[in-house]
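Visitor: Have a look at the structure that comes next, please.
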Amino acid sequence: WPEVRPVSFAAVLRVARELTGWTVVDTAASLEQDEELSYDTAAPRRNGITIQAVQDADFVVAVGSADPVGIQRLVRGLQDLATVVSASPVVVVNRVRASAVGPAPERAVRRALARYAGVDDPVLVPSDAAVLDAAVLQGRTLPEAAPTSPVRLAHARLAGRLGLAAGANGRATARGSRRLRIG
């Protein structure tokens, strides 16, 4: 949103950090910078909010889809991300399934990410539309509807990677006194 300046968004993030234990910012995928505007710091920038959020994040979670197009976009996105932040993101690949990747989809996704992006430890979330749809239909969270489903266990692995633990109510809580901000 070029109408919102990154400096204004940074102020919103500061307030959010004061009000909550952790803040999640779901950004647009593009990190492309408007090179022709780089000399003018007051000019609106198409991806300024995304870049600001990623640069201010304590943790960056890069999410891609487990299909040939999704993996290619994720690899390219990780290359773009490396030009904006120095820390390695936690990489999550959604909808891992043999129908889109072939036999042994987990192994295929891991190999592709290791080979083309140098990512050795992605969090892989299996495709399980039936479990997710059932939770939505029941109006329940995934931990309530299917606490031991492979999708739920993958979400728990992601939470653990980020230093979060699931409380008794299924909600993630920060371990210790560390405040988490995720972009």
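Ordering of the structure tokens sets the chain letters (A, B, ...); residue numbers start at 1 within each chain; ligands are numbered from 1 in the order shown.
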Could you find all residues in chain A that DSSP calls strand (DSSP E) from the backbone, and write them as a PyMOL selection string?
Guide: chain A and resi 22-24+61-65+90-96+123-126+164-166+172-174+180-182
Visitor: Need to verify the contact set: region 127-130 of chain A, 6 Å, only C-alpha atoms, exclusion of same-chain residues closer than 6 positions in sequence. Can you return it as an MDAnalysis selection string?
Guide: chainID A and resid 95:97
Visitor: Would you write out those residues with N, CA and C atoms, as a PDB file, in the first residue's frame?
Guide:
ATOM      1  N   ARG A  95       0.764 -27.496   2.194  1.00  0.00           N
ATOM      2  CA  ARG A  95       0.063 -28.394   1.273  1.00  0.00           C
ATOM      3  C   ARG A  95       0.999 -29.399   0.601  1.00  0.00           C
ATOM      4  N   VAL A  96       1.838 -30.026   1.392  1.00  0.00           N
ATOM      5  CA  VAL A  96       2.756 -31.036   0.870  1.00  0.00           C
ATOM      6  C   VAL A  96       1.937 -32.284   0.541  1.00  0.00           C
ATOM      7  N   ARG A  97       1.995 -32.708  -0.734  1.00  0.00           N
ATOM      8  CA  ARG A  97       1.193 -33.838  -1.193  1.00  0.00           C
ATOM      9  C   ARG A  97       1.817 -34.468  -2.426  1.00  0.00           C
TER      10      ARG A  97
END
Visitor: What's the separation between CA of Val69 (chain A) and CA of Asp26 (chain A), in Å to one decimal place?
Guide: 20.9 Å
Visitor: Which residues of region 17-111 of chain A come within 10 Å of region 143-164 of chain A, and for each one, what is the closest pair of atoms and their distance in Å to one decimal, counting only C-alpha atoms, sorted by chain and residue number, as a Markdown table?
Guide:
| residue | atom | partner | partner_atom | distance |
| --- | --- | --- | --- | --- |
| A:Trp22 | CA | A:Leu164 | CA | 9.9 |
| A:Asp58 | CA | A:Leu162 | CA | 9.9 |
| A:Phe59 | CA | A:Leu162 | CA | 7.6 |
| A:Val60 | CA | A:Leu162 | CA | 9.6 |
| A:Val61 | CA | A:Leu162 | CA | 9.2 |
| A:Val90 | CA | A:Arg161 | CA | 7.9 |
| A:Val91 | CA | A:Leu158 | CA | 9.3 |
| A:Val92 | CA | A:Leu158 | CA | 8.0 |
| A:Asn94 | CA | A:Val151 | CA | 9.4 |
| A:Arg95 | CA | A:Val151 | CA | 9.2 |
Visitor: Leaving out Val93 (chain A) and any residue of its chain fewer than 5 positions from it, which residues lie within 8 Å of it when counting only C-alpha atoms, given as a ChimeraX atom specification?
Guide: /A:63-66,122-125
Visitor: Of the residues A:Val15, A:Ala82, A:Leu113, A:Ala134, which is the one nearest to Leu31 (chain A), using only C-alpha atoms?
Guide: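 The answer is A:Ala82, which sits nearest to Leu31 (chain A).
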Visitor: For the atom pair CA of Ser99 (chain A) and CA of Tyr116 (chain A), what is the interatomic distance in Å to one decimal place?
Guide: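 Separation between CA of Ser99 (chain A) and CA of Tyr116 (chain A): 21.6 Å.
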Visitor: Taking only C-alpha atoms into account, name the residue in A:Pro6, A:Pro126, A:Gly139, A:Gly102 that is nearest to Gln52 (chain A).
Guide: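 Nearest candidate to Gln52 (chain A) out of A:Pro6, A:Pro126, A:Gly139, A:Gly102: A:Pro6.
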Visitor: Check region 8-171 of chain A with DSSP on the backbone and list each residue it calls alpha helix (DSSP H), as number ranges by chain.
Guide: A: 8-19, 48-56, 68-82, 98-101, 105-117, 129-138, 142-145, 150-161
Visitor: If we count only C-alpha atoms and set the cut-off at 12 Å, which residues sit around Leu13 (chain A), ignoring sequence neighbours fewer than 5 positions away in its own chain? Please answer as a list in words.
Guide: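 Selected residues are Pro6, Val7, Ser8, Glu18, Leu19, Thr20, Trp22, Thr23, Val24, Val25, Ile49, Gln52, Ala53, Val54, Gln55, Asp56, Ala57, Arg181, Ile182 and Gly183 of chain A.
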Visitor: Which value, in Å to one decimal, gives the distance between CA of Ala87 (chain A) and CA of Ala62 (chain A)?
Guide: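 So the answer is 12.0 Å.
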